[in-house]
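Enquirer: What follows is a structure written as structure tokens; I'll ask about it next.
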Amino acid sequence: MGNRQALLDGAKRCLREKGFSRTTARDITAASGVSLAAIGYHFGSKEALLSQALIEASGEWVDELERTVAESLSPDASPMQRYETIWARLLDLFATHRQLWAANFEISPQIEQMPQVRAVFAEAQVQARLGLAKLFQGLEPTDAPALAVGSFYYALLTGVMAQWLIDPTRAPSASDLGEAMRFFIAAF
């Protein structure tokens, strides 16, 4: 493994253990076994490295989500069963990756001061929306409503994550979200 990858792996460990704002460059070099100067050489700054590590860790989380959904979802599931099963897996993974989601929220107030990082996160957000449209509704990125549908799920996802981070005992469950969706469908 090269220094660049070692730094990314070390940064991901630090994000999971300490979060975004409490991780120092020295924490990353200790976790990766790579020199401090390598951060600047490979990434330009600690913030750029942590941002890239956060995007990669989030991508790994999505891969894990897709695997667990595929394992637990019946091929003949109704749309509501699919919806609730996906939410159940999402919530399970929130519990095992809590610090990763806290790091996602930590970066938000700082993003204005990091235009390059903001551009990377903006593109990652578009990809997340399209991925959620595919996961929940089976829409391909080229399908006309994919971005709008994905934006709806992304807004719901970030709202549920925020509630879960603050108080997981009273955050909505998969069945709560299913009940709310049935209510909305009936109301229209």
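As shown in the structure tokens, the chain order sets the letters A, B, ...; within each chain, residues go from 1, and ligands are also counted from 1 in the order they appear.
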Neighbours of Ala30 (chain A) within 10 Å (only C-alpha atoms; same-chain residues fewer than 4 positions away dropped), as a list in words?
Expert: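 Here the qualifying residues turn out to be Leu7, Gly10, Ala11, Cys14, Thr24, Ala25, Arg26, Val34, Ser35 and Leu36 of chain A.
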Enquirer: Counting only C-alpha atoms, which residue out of A:Phe136, A:Phe188, A:Tyr41, A:Trp61 sits closest to His97 (chain A)?
Expert: A:Trp61
Enquirer: Residues within 6 Å of region 150-162 of chain A, please, as a list in words. Count only C-alpha atoms; anything in the same chain fewer than 3 positions from it doesn't count.
Expert: Arg129, Leu130, Leu132, Ala133, Ala146, Leu147 and Leu165 of chain A
Enquirer: For the residues in the current selection, export C-alpha atoms as a PDB file, in the first residue's frame.
Expert:
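Below you can see selection_1.pdb, which holds the result:
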ATOM      1  CA  ARG A 129     -29.403  11.468  -4.461  1.00  0.00           C
ATOM      2  CA  LEU A 130     -29.221   9.379  -7.624  1.00  0.00           C
ATOM      3  CA  LEU A 132     -31.116   6.731  -3.243  1.00  0.00           C
ATOM      4  CA  ALA A 133     -33.522   7.025  -6.194  1.00  0.00           C
ATOM      5  CA  ALA A 146     -34.354  10.396 -10.550  1.00  0.00           C
ATOM      6  CA  LEU A 147     -32.754  13.552  -9.152  1.00  0.00           C
ATOM      7  CA  LEU A 165     -27.804  11.354  16.348  1.00  0.00           C
TER       8      LEU A 165
END
Enquirer: So which one's closest to Ser21 (chain A), A:Pro79, A:Pro172, A:Pro115, A:Pro109? Using only C-alpha atoms, please.
Expert: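 The answer is A:Pro109, which sits nearest to Ser21 (chain A).
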